[in-house]
file start01.tsv (TSV, C-alpha atoms)
chain	number	residue	atom	x	y	z
A	201	MET	CA	20.66	96.86	-37.12
A	202	LYS	CA	21.26	99.16	-34.16
A	203	TYR	CA	21.82	97.69	-30.76
A	204	THR	CA	19.89	100.45	-29.03
A	205	ASP	CA	16.81	100.01	-31.20
A	206	THR	CA	16.73	96.26	-30.65
A	207	MET	CA	17.43	96.51	-26.95
A	208	ARG	CA	14.81	99.22	-26.53
A	209	GLU	CA	12.20	96.89	-28.03
A	210	ILE	CA	13.29	94.17	-25.62
A	211	THR	CA	13.49	96.25	-22.45
A	212	LYS	CA	10.31	98.21	-23.15
A	213	SER	CA	8.40	94.98	-23.72
A	214	VAL	CA	9.67	93.71	-20.35
A	215	TYR	CA	8.68	97.02	-18.74
A	216	VAL	CA	5.14	96.75	-20.11
A	217	GLU	CA	4.81	93.11	-19.05
A	218	LYS	CA	5.89	93.70	-15.45
A	219	ASP	CA	3.11	92.68	-13.11
A	220	PRO	CA	1.60	95.60	-11.19
A	221	HIS	CA	2.17	95.68	-7.44
A	222	ASP	CA	0.16	97.24	-4.70
A	223	PHE	CA	2.68	100.02	-4.17
A	224	PRO	CA	2.28	102.70	-1.50
A	225	PRO	CA	0.79	105.79	-3.14
A	226	GLU	CA	3.66	108.06	-2.06
A	227	TRP	CA	6.12	106.34	-4.43
A	228	LYS	CA	3.98	104.45	-6.93
A	229	SER	CA	4.18	107.14	-9.64
A	230	THR	CA	7.93	107.67	-9.14
A	231	LEU	CA	8.56	103.92	-9.34
A	232	THR	CA	6.78	103.83	-12.69
A	233	HIS	CA	9.13	106.52	-14.03
A	234	TRP	CA	12.12	104.76	-12.48
A	235	ARG	CA	11.20	101.48	-14.17
A	236	ASN	CA	10.83	103.29	-17.48
A	237	ASN	CA	14.26	104.90	-17.03
A	238	LEU	CA	15.71	101.52	-16.10
A	239	ALA	CA	14.49	100.13	-19.41
A	240	ASP	CA	16.09	103.10	-21.21
A	241	MET	CA	19.41	102.68	-19.41
A	242	LEU	CA	19.67	99.01	-20.30
A	243	ALA	CA	18.79	99.84	-23.90
A	244	GLU	CA	21.31	102.69	-24.18
A	245	ALA	CA	24.38	100.67	-23.22
A	246	PHE	CA	25.82	100.98	-26.75
A	247	HIS	CA	24.53	104.46	-27.59
A	248	PRO	CA	27.40	106.38	-29.28
A	249	ASP	CA	26.47	109.73	-27.69
A	250	LYS	CA	28.13	109.88	-24.27
A	251	GLU	CA	26.09	112.94	-23.20
A	252	TYR	CA	22.87	111.15	-24.09
A	253	ARG	CA	23.88	108.20	-21.92
A	254	LYS	CA	24.78	110.59	-19.12
A	255	ALA	CA	21.38	112.29	-19.34
A	256	THR	CA	19.63	108.92	-19.18
A	257	ILE	CA	21.58	107.97	-16.06
A	258	GLY	CA	20.90	111.38	-14.50
A	259	SER	CA	17.16	111.01	-14.94
A	260	TRP	CA	17.27	107.55	-13.41
A	261	GLU	CA	19.31	108.77	-10.43
A	262	HIS	CA	16.81	111.58	-9.87
A	263	HIS	CA	13.92	109.15	-9.58
A	264	LEU	CA	16.04	106.79	-7.48
A	265	ASN	CA	16.71	109.60	-4.98
A	266	GLN	CA	12.98	110.36	-4.86
A	267	LEU	CA	12.16	106.71	-4.17
A	268	LEU	CA	14.74	106.46	-1.40
A	269	ALA	CA	13.53	109.73	0.14
A	270	ALA	CA	9.98	108.36	0.11
A	271	GLY	CA	11.13	105.34	2.10
A	272	THR	CA	11.25	102.73	-0.68
A	273	PRO	CA	13.34	99.78	0.64
A	274	PRO	CA	16.69	99.55	-1.24
A	275	GLU	CA	16.47	95.76	-1.28
A	276	PHE	CA	13.17	96.03	-3.15
A	277	LEU	CA	14.74	98.24	-5.83
A	278	ILE	CA	17.68	95.89	-6.29
A	279	GLU	CA	15.25	92.98	-6.50
A	280	GLU	CA	13.37	94.91	-9.22
A	281	ILE	CA	16.59	95.41	-11.20
A	282	CYS	CA	17.56	91.73	-10.90
A	283	SER	CA	14.09	90.62	-11.98
A	284	PHE	CA	14.12	93.08	-14.89
A	285	ARG	CA	17.60	91.90	-15.86
A	286	GLU	CA	16.58	88.24	-15.86
A	287	ASP	CA	13.52	88.85	-18.04
A	288	ALA	CA	15.36	91.12	-20.49
A	289	SER	CA	18.30	88.72	-20.75
A	290	ALA	CA	15.95	85.85	-21.62
A	291	LYS	CA	14.27	87.99	-24.32
A	292	LEU	CA	17.67	88.99	-25.71
A	293	ARG	CA	18.63	85.33	-25.97
A	294	LEU	CA	15.33	84.53	-27.71
A	295	THR	CA	15.74	87.46	-30.13
A	296	ALA	CA	19.27	86.35	-31.04
A	297	LYS	CA	17.99	82.84	-31.76
A	298	GLN	CA	15.03	84.05	-33.83
A	299	LYS	CA	17.17	86.42	-35.90
A	300	GLN	CA	19.96	83.85	-36.18
A	301	TRP	CA	22.70	86.10	-34.87
A	302	ALA	CA	26.27	84.91	-34.89
A	303	ASP	CA	27.43	83.62	-31.50
A	304	GLU	CA	30.09	86.34	-31.33
A	305	LEU	CA	27.53	89.12	-31.85
A	306	TYR	CA	25.15	87.72	-29.25
A	307	GLU	CA	27.93	87.26	-26.69
A	308	GLN	CA	29.08	90.82	-27.25
A	309	TRP	CA	25.59	92.24	-26.68
A	310	ASP	CA	24.89	89.95	-23.75
A	311	ARG	CA	28.17	90.91	-22.10
A	312	GLN	CA	27.50	94.64	-22.50
A	313	PHE	CA	23.94	94.23	-21.25
A	314	HIS	CA	25.03	92.47	-18.06
A	315	GLN	CA	27.85	94.96	-17.49
A	316	THR	CA	25.30	97.76	-17.59
A	317	ALA	CA	23.00	95.88	-15.22
A	318	ASP	CA	25.93	95.34	-12.82
A	319	ASP	CA	26.70	99.08	-12.91
A	320	ILE	CA	23.07	99.93	-12.16
A	321	ILE	CA	23.03	97.59	-9.16
A	322	CYS	CA	26.27	99.14	-7.87
A	323	TRP	CA	24.89	102.67	-8.31
A	324	THR	CA	21.70	101.69	-6.51
A	325	SER	CA	23.65	100.21	-3.61
A	326	GLU	CA	25.90	103.27	-3.35
A	327	LYS	CA	22.99	105.70	-3.49
A	328	SER	CA	21.10	103.66	-0.91
A	329	SER	CA	24.10	103.62	1.43
A	330	THR	CA	24.54	107.39	1.07
A	331	ALA	CA	20.84	107.99	1.73
A	332	LEU	CA	20.96	105.70	4.78
A	333	ARG	CA	24.01	107.51	6.18
A	334	THR	CA	22.28	110.86	5.67
A	335	ARG	CA	19.17	109.66	7.52
A	336	LEU	CA	21.27	108.22	10.36
A	337	LEU	CA	23.20	111.47	10.77
A	338	ALA	CA	19.95	113.44	10.78
A	339	ALA	CA	18.48	111.04	13.35
A	340	GLU	CA	21.58	111.32	15.53
A	341	ALA	CA	21.41	115.12	15.37
A	342	LYS	CA	17.74	115.03	16.34
A	343	VAL	CA	18.38	112.63	19.21
A	344	SER	CA	21.24	114.85	20.40
A	345	MET	CA	18.99	117.89	20.30
A	346	LEU	CA	16.21	116.13	22.20
A	347	SER	CA	18.58	114.56	24.73
A	348	ILE	CA	19.91	117.95	25.83
A	349	PRO	CA	16.93	120.32	25.79
A	350	ILE	CA	17.69	123.94	26.72
A	351	ILE	CA	14.83	126.21	27.76
A	352	ARG	CA	15.14	129.94	28.16
A	353	VAL	CA	13.05	130.77	31.23
A	354	SER	CA	13.87	134.48	31.38
A	355	GLU	CA	15.91	137.11	29.55
A	356	ASP	CA	19.16	135.97	31.16
A	357	ILE	CA	18.54	132.41	32.45
A	358	GLY	CA	18.62	129.14	30.56
A	359	VAL	CA	17.75	125.69	31.97
A	360	ILE	CA	19.20	122.37	30.85
A	361	SER	CA	17.18	119.45	32.19
A	362	LEU	CA	19.11	116.20	31.78
A	363	VAL	CA	17.34	112.84	31.80
A	364	GLY	CA	18.93	109.41	31.60
A	365	ASP	CA	22.53	108.25	31.69
A	366	LEU	CA	25.45	110.53	30.94
A	367	ASP	CA	28.48	109.48	28.93
A	368	THR	CA	31.48	111.28	27.45
A	369	LYS	CA	29.75	112.05	24.15
A	370	ARG	CA	26.67	113.43	25.86
A	371	THR	CA	28.70	115.62	28.21
A	372	ASN	CA	30.66	116.93	25.23
A	373	ASP	CA	27.38	117.71	23.48
A	374	LEU	CA	26.17	119.35	26.69
A	375	MET	CA	29.20	121.64	26.76
A	376	GLU	CA	28.90	122.58	23.09
A	377	LYS	CA	25.17	123.30	23.23
A	378	ALA	CA	25.37	125.20	26.51
A	379	LEU	CA	28.18	127.44	25.27
A	380	GLN	CA	26.56	128.10	21.89
A	381	TYR	CA	23.09	128.66	23.32
A	382	GLY	CA	24.31	130.93	26.08
A	383	ALA	CA	26.51	133.02	23.79
A	384	SER	CA	23.87	133.39	21.05
A	385	ARG	CA	21.27	134.61	23.56
A	386	SER	CA	23.59	136.58	25.88
A	387	LEU	CA	22.54	134.61	28.95
A	388	ASN	CA	23.97	135.40	32.35
A	389	CYS	CA	23.07	132.14	34.06
A	390	MET	CA	22.84	128.47	33.03
A	391	VAL	CA	20.98	126.06	35.31
A	392	ILE	CA	21.81	122.35	34.95
A	393	ASP	CA	19.07	120.17	36.41
A	394	LEU	CA	20.28	116.66	37.29
A	395	SER	CA	17.06	115.38	38.87
A	396	GLY	CA	16.53	113.03	35.90
A	397	VAL	CA	20.03	111.52	36.17
A	398	GLU	CA	20.12	108.51	38.49
A	399	PHE	CA	23.84	107.78	38.53
A	400	ILE	CA	27.13	109.46	37.68
A	401	ASP	CA	30.43	107.59	37.94
A	402	THR	CA	33.77	109.17	38.74
A	403	ARG	CA	34.75	109.72	35.12
A	404	ILE	CA	31.46	111.44	34.20
A	405	ALA	CA	31.62	113.53	37.37
A	406	HIS	CA	34.95	114.89	36.15
A	407	GLU	CA	33.44	115.53	32.72
A	408	LEU	CA	30.48	117.36	34.25
A	409	LEU	CA	32.77	119.60	36.28
A	410	ARG	CA	34.73	120.34	33.12
A	411	VAL	CA	31.48	121.48	31.49
A	412	VAL	CA	30.71	123.71	34.48
A	413	LYS	CA	34.19	125.26	34.31
A	414	ALA	CA	33.89	125.93	30.57
A	415	ILE	CA	30.52	127.65	31.00
A	416	LYS	CA	31.87	129.81	33.84
A	417	ILE	CA	34.87	130.86	31.75
A	418	THR	CA	32.46	132.47	29.26
A	419	GLY	CA	31.13	134.69	32.05
A	420	MET	CA	27.93	132.83	32.84
A	421	THR	CA	26.96	131.75	36.33
A	422	VAL	CA	26.33	128.00	36.67
A	423	LYS	CA	23.77	126.56	39.06
A	424	LEU	CA	23.36	122.83	39.73
A	425	THR	CA	20.08	121.46	40.96
A	426	GLY	CA	18.35	118.13	41.57
A	427	ILE	CA	21.50	116.31	42.72
A	428	ARG	CA	20.55	112.86	44.00
A	429	PRO	CA	22.21	111.38	47.12
A	430	GLU	CA	24.15	108.88	44.99
A	431	ILE	CA	25.58	111.69	42.85
A	432	ALA	CA	26.36	113.74	45.95
A	433	GLN	CA	28.38	110.81	47.31
A	434	THR	CA	30.38	110.69	44.08
A	435	PHE	CA	31.23	114.38	44.38
A	436	VAL	CA	32.29	113.82	48.01
A	437	LYS	CA	34.56	110.91	47.04
A	438	LEU	CA	36.18	113.15	44.44
A	439	GLN	CA	36.64	115.80	47.10
A	440	VAL	CA	35.11	118.29	44.71
A	441	ASN	CA	34.94	121.83	46.00
A	442	LEU	CA	31.49	123.17	45.15
A	443	ASN	CA	31.86	126.35	47.13
A	444	ASP	CA	31.98	128.48	43.99
A	445	ILE	CA	29.03	126.67	42.36
A	446	HIS	CA	25.48	127.45	43.40
A	447	VAL	CA	23.73	124.17	44.32
A	448	SER	CA	19.99	123.87	45.00
A	449	SER	CA	17.81	120.94	45.92
A	450	SER	CA	15.24	121.61	43.20
A	451	LEU	CA	14.71	123.57	40.03
A	452	HIS	CA	11.78	125.33	41.68
A	453	GLN	CA	14.07	126.64	44.40
A	454	VAL	CA	16.53	128.05	41.84
A	455	LEU	CA	13.85	129.85	39.89
call {"tool": "encode", "arguments": {"input": "start01.tsv", "output": "structure tokens"}}
result
Amino acid sequence: MKYTDTMREITKSVYVEKDPHDFPPEWKSTLTHWRNNLADMLAEAFHPDKEYRKATIGSWEHHLNQLLAAGTPPEFLIEEICSFREDASAKLRLTAKQKQWADELYEQWDRQFHQTADDIICWTSEKSSTALRTRLLAAEAKVSMLSIPIIRVSEDIGVISLVGDLDTKRTNDLMEKALQYGASRSLNCMVIDLSGVEFIDTRIAHELLRVVKAIKITGMTVKLTGIRPEIAQTFVKLQVNLNDIHVSSSLHQVL
């Protein structure tokens, strides 16, 4: 009697008996394939062909990635595996009793079955964590792009309109984007509009001046506009010399 044949009968019967759910249409079909592959993986735990086992896992991982990309909650998938495991384990126990297997044989199969299920849960958790990190990094990149919008208003002028609070990370992003954008488009002037920034402390004022200096070193002219009275007071306290920086009251005046 082959383990894989017996286990396939057990896992496939569990797969068929699973109650249908009202799944979102964007991942319902993929989930069906994933469940089918899950049944195969649990059945192939003792398959002698290592490449065959690898191919089975690869197919399962492919559908898992599709489900995660479609927004399927990882906790739902792990819950599916645990439920599948519980049902298949109960059927394995019943099969062993009906066929009067020796205790040693049943324990060996049961142990291998649960080891495979544990591996699948670990793989699912790892894949889910990787997918989550990827989405977070993509979201951070998008937020960074939106938080420092640069608009080219003429052949040689670019405008950066800042809104909200400034911190060290955002000023670093400001410097990087301004330098890259200006160099890639051969701009002669970069306008930094601060009308949407309500407050700048001493530390950020220093950071902002560092950005201005870096932009000027590349050969671009820097113009500051929209400086609020509170920000102006900070610059005065720092005794910042703005004589070599063009300052305007509004973006309209600069343009």
call {"tool": "atom_distance", "arguments": {"input": "start01.tsv", "atom1": "atom CA of Val216 of chain A", "atom2": "atom CA of Thr295 of chain A"}}
result
17.3 Å
call {"tool": "atom_distance", "arguments": {"input": "start01.tsv", "atom1": "atom CA of His263 of chain A", "atom2": "atom CA of Trp234 of chain A"}}
result
5.6 Å
call {"tool": "closest_residue", "arguments": {"input": "start01.tsv", "among": "A:Glu275, A:Glu217, A:Glu304, A:Asp310", "to": "Ala243 of chain A", "atoms": "all atoms listed in the file"}}
result
A:Asp310
call {"tool": "atom_distance", "arguments": {"input": "start01.tsv", "atom1": "atom CA of Ser289 of chain A", "atom2": "atom CA of Ser328 of chain A"}}
result
25.0 Å
call {"tool": "closest_residue", "arguments": {"input": "start01.tsv", "among": "A:Thr316, A:Gln298, A:Gln439, A:Thr418", "to": "Met375 of chain A", "atoms": "all atoms listed in the file"}}
result
A:Thr418
call {"tool": "closest_residue", "arguments": {"input": "start01.tsv", "among": "A:Glu251, A:Arg208, A:Ser450, A:Asp287", "to": "Asn236 of chain A", "atoms": "only C-alpha atoms"}}
result
A:Arg208
call {"tool": "closest_residue", "arguments": {"input": "start01.tsv", "among": "A:Asp319, A:Glu280, A:Asp373, A:Asp356", "to": "Cys389 of chain A", "atoms": "all atoms listed in the file"}}
result
A:Asp356
call {"tool": "closest_residue", "arguments": {"input": "start01.tsv", "among": "A:Phe399, A:Thr421, A:Trp260, A:Thr206", "to": "Lys299 of chain A", "atoms": "only C-alpha atoms"}}
result
A:Thr206
call {"tool": "residues_around", "arguments": {"input": "start01.tsv", "residues": "Ile415 of chain A", "least_positions_apart": "4", "cutoff": "9 Å", "atoms": "only C-alpha atoms", "output": "list in words"}}
result
Met375, Ala378, Leu379, Gly382, Met390, Arg410, Val411, Gly419, Met420, Thr421 and Val422 of chain A
call {"tool": "closest_residue", "arguments": {"input": "start01.tsv", "among": "A:Val359, A:Leu238, A:Leu408, A:Met207", "to": "Leu264 of chain A", "atoms": "only C-alpha atoms"}}
result
A:Leu238
call {"tool": "axis_aligned_box", "arguments": {"input": "start01.tsv", "around": "segment 432-437 of chain A", "padding_each_side": "6 Å", "output": "AutoDock Vina command-line options"}}
result
--center_x 30.5 --center_y 112.5 --center_z 46.0 --size_x 20.2 --size_y 15.7 --size_z 15.9
call {"tool": "residues_near_point", "arguments": {"input": "start01.tsv", "point": "(32.1, 118.8, 41.2)", "cutoff": "10 Å", "atoms": "all atoms listed in the file", "output": "ChimeraX atom specification"}}
result
/A:405-410,412-413,424,431-432,434-436,438-443,445
call {"tool": "decode", "arguments": {"input": "start01.tsv", "residues": "segment 297-312 of chain A", "atoms": "all heavy atoms", "output": "short mmCIF file (atom, residue, chain, number, x, y, z; two decimals), in the first residue's frame"}}
result
data_model
loop_
_atom_site.label_atom_id
_atom_site.label_comp_id
_atom_site.auth_asym_id
_atom_site.auth_seq_id
_atom_site.Cartn_x
_atom_site.Cartn_y
_atom_site.Cartn_z
N LYS A 297 -7.84 2.95 11.53
CA LYS A 297 -8.66 2.07 12.37
C LYS A 297 -9.43 1.05 11.52
O LYS A 297 -9.48 -0.14 11.85
CB LYS A 297 -9.64 2.92 13.18
CG LYS A 297 -10.50 2.13 14.15
CD LYS A 297 -11.38 3.05 14.98
CE LYS A 297 -12.23 2.25 15.95
NZ LYS A 297 -13.11 3.14 16.78
N GLN A 298 -9.98 1.53 10.40
CA GLN A 298 -10.75 0.65 9.53
C GLN A 298 -9.87 -0.43 8.89
O GLN A 298 -10.28 -1.57 8.73
CB GLN A 298 -11.45 1.46 8.45
CG GLN A 298 -12.58 2.35 8.97
CD GLN A 298 -13.17 3.23 7.89
OE1 GLN A 298 -12.54 3.46 6.85
NE2 GLN A 298 -14.38 3.74 8.12
N LYS A 299 -8.65 -0.06 8.52
CA LYS A 299 -7.74 -0.99 7.85
C LYS A 299 -6.86 -1.75 8.84
O LYS A 299 -6.00 -2.52 8.43
CB LYS A 299 -6.87 -0.23 6.85
CG LYS A 299 -7.68 0.42 5.71
CD LYS A 299 -6.77 1.13 4.72
CE LYS A 299 -7.58 1.74 3.57
NZ LYS A 299 -8.24 0.73 2.75
N GLN A 300 -7.07 -1.45 10.13
CA GLN A 300 -6.36 -2.15 11.21
C GLN A 300 -4.84 -2.04 11.04
O GLN A 300 -4.11 -3.04 11.10
CB GLN A 300 -6.80 -3.63 11.27
CG GLN A 300 -8.26 -3.80 11.58
CD GLN A 300 -8.67 -5.27 11.69
OE1 GLN A 300 -8.04 -6.15 11.12
NE2 GLN A 300 -9.73 -5.53 12.43
N TRP A 301 -4.39 -0.83 10.87
CA TRP A 301 -2.94 -0.61 10.77
C TRP A 301 -2.29 -0.82 12.13
O TRP A 301 -2.91 -0.60 13.17
CB TRP A 301 -2.63 0.82 10.32
CG TRP A 301 -3.04 1.10 8.90
CD1 TRP A 301 -3.52 0.21 7.98
CD2 TRP A 301 -3.04 2.37 8.28
NE1 TRP A 301 -3.80 0.84 6.81
CE2 TRP A 301 -3.51 2.19 6.95
CE3 TRP A 301 -2.69 3.66 8.68
CZ2 TRP A 301 -3.62 3.23 6.05
CZ3 TRP A 301 -2.80 4.70 7.78
CH2 TRP A 301 -3.26 4.48 6.47
N ALA A 302 -1.03 -1.16 12.09
CA ALA A 302 -0.26 -1.25 13.32
C ALA A 302 -0.06 0.17 13.86
O ALA A 302 0.04 1.14 13.10
CB ALA A 302 1.09 -1.90 13.05
N ASP A 303 -0.01 0.28 15.20
CA ASP A 303 0.15 1.60 15.81
C ASP A 303 1.40 2.31 15.30
O ASP A 303 1.39 3.52 15.06
CB ASP A 303 0.23 1.46 17.34
CG ASP A 303 -1.09 1.04 17.94
OD1 ASP A 303 -2.13 1.18 17.25
OD2 ASP A 303 -1.10 0.58 19.09
N GLU A 304 2.48 1.56 15.10
CA GLU A 304 3.73 2.16 14.65
C GLU A 304 3.58 2.77 13.26
O GLU A 304 4.10 3.87 12.98
CB GLU A 304 4.84 1.11 14.63
CG GLU A 304 6.20 1.66 14.23
CD GLU A 304 7.27 0.58 14.26
OE1 GLU A 304 7.01 -0.52 14.80
OE2 GLU A 304 8.37 0.85 13.73
N LEU A 305 2.87 2.07 12.37
CA LEU A 305 2.67 2.57 11.01
C LEU A 305 1.81 3.85 11.03
O LEU A 305 2.14 4.84 10.37
CB LEU A 305 1.98 1.51 10.16
CG LEU A 305 1.64 1.92 8.72
CD1 LEU A 305 2.89 2.28 7.93
CD2 LEU A 305 0.85 0.80 8.02
N TYR A 306 0.73 3.80 11.80
CA TYR A 306 -0.14 4.98 11.87
C TYR A 306 0.60 6.19 12.44
O TYR A 306 0.50 7.31 11.92
CB TYR A 306 -1.37 4.68 12.74
CG TYR A 306 -2.12 5.94 13.11
CD1 TYR A 306 -2.84 6.67 12.16
CD2 TYR A 306 -2.07 6.42 14.43
CE1 TYR A 306 -3.50 7.83 12.51
CE2 TYR A 306 -2.73 7.58 14.78
CZ TYR A 306 -3.45 8.28 13.82
OH TYR A 306 -4.09 9.44 14.17
N GLU A 307 1.37 5.97 13.50
CA GLU A 307 2.10 7.07 14.12
C GLU A 307 3.13 7.67 13.16
O GLU A 307 3.34 8.89 13.15
CB GLU A 307 2.79 6.58 15.40
CG GLU A 307 1.80 6.27 16.53
CD GLU A 307 2.48 5.63 17.72
OE1 GLU A 307 3.72 5.44 17.66
OE2 GLU A 307 1.78 5.31 18.71
N GLN A 308 3.74 6.80 12.36
CA GLN A 308 4.72 7.28 11.38
C GLN A 308 4.05 8.17 10.34
O GLN A 308 4.54 9.25 10.02
CB GLN A 308 5.40 6.09 10.69
CG GLN A 308 6.43 6.51 9.65
CD GLN A 308 6.99 5.32 8.90
OE1 GLN A 308 6.45 4.21 8.98
NE2 GLN A 308 8.07 5.52 8.17
N TRP A 309 2.92 7.72 9.82
CA TRP A 309 2.19 8.50 8.81
C TRP A 309 1.64 9.80 9.40
O TRP A 309 1.71 10.85 8.76
CB TRP A 309 1.05 7.65 8.23
CG TRP A 309 1.50 6.58 7.30
CD1 TRP A 309 2.75 6.02 7.22
CD2 TRP A 309 0.71 5.95 6.31
NE1 TRP A 309 2.78 5.07 6.24
CE2 TRP A 309 1.53 5.00 5.66
CE3 TRP A 309 -0.61 6.06 5.92
CZ2 TRP A 309 1.08 4.19 4.64
CZ3 TRP A 309 -1.08 5.25 4.89
CH2 TRP A 309 -0.24 4.33 4.25
N ASP A 310 1.08 9.68 10.59
CA ASP A 310 0.50 10.86 11.24
C ASP A 310 1.58 11.91 11.51
O ASP A 310 1.35 13.11 11.31
CB ASP A 310 -0.18 10.44 12.54
CG ASP A 310 -0.91 11.59 13.21
OD1 ASP A 310 -1.90 12.06 12.62
OD2 ASP A 310 -0.49 12.00 14.31
N ARG A 311 2.74 11.44 11.96
CA ARG A 311 3.84 12.36 12.24
C ARG A 311 4.30 13.08 10.97
O ARG A 311 4.51 14.30 10.97
CB ARG A 311 5.01 11.60 12.87
CG ARG A 311 6.18 12.48 13.26
CD ARG A 311 7.19 11.72 14.13
NE ARG A 311 7.66 10.52 13.48
CZ ARG A 311 7.31 9.27 13.85
NH1 ARG A 311 6.48 9.10 14.87
NH2 ARG A 311 7.79 8.23 13.23
N GLN A 312 4.45 12.33 9.88
CA GLN A 312 4.88 12.93 8.62
C GLN A 312 3.82 13.91 8.07
O GLN A 312 4.14 14.96 7.54
CB GLN A 312 5.15 11.84 7.58
CG GLN A 312 5.69 12.36 6.25
CD GLN A 312 7.03 13.05 6.40
OE1 GLN A 312 7.87 12.60 7.18
NE2 GLN A 312 7.22 14.15 5.69
#
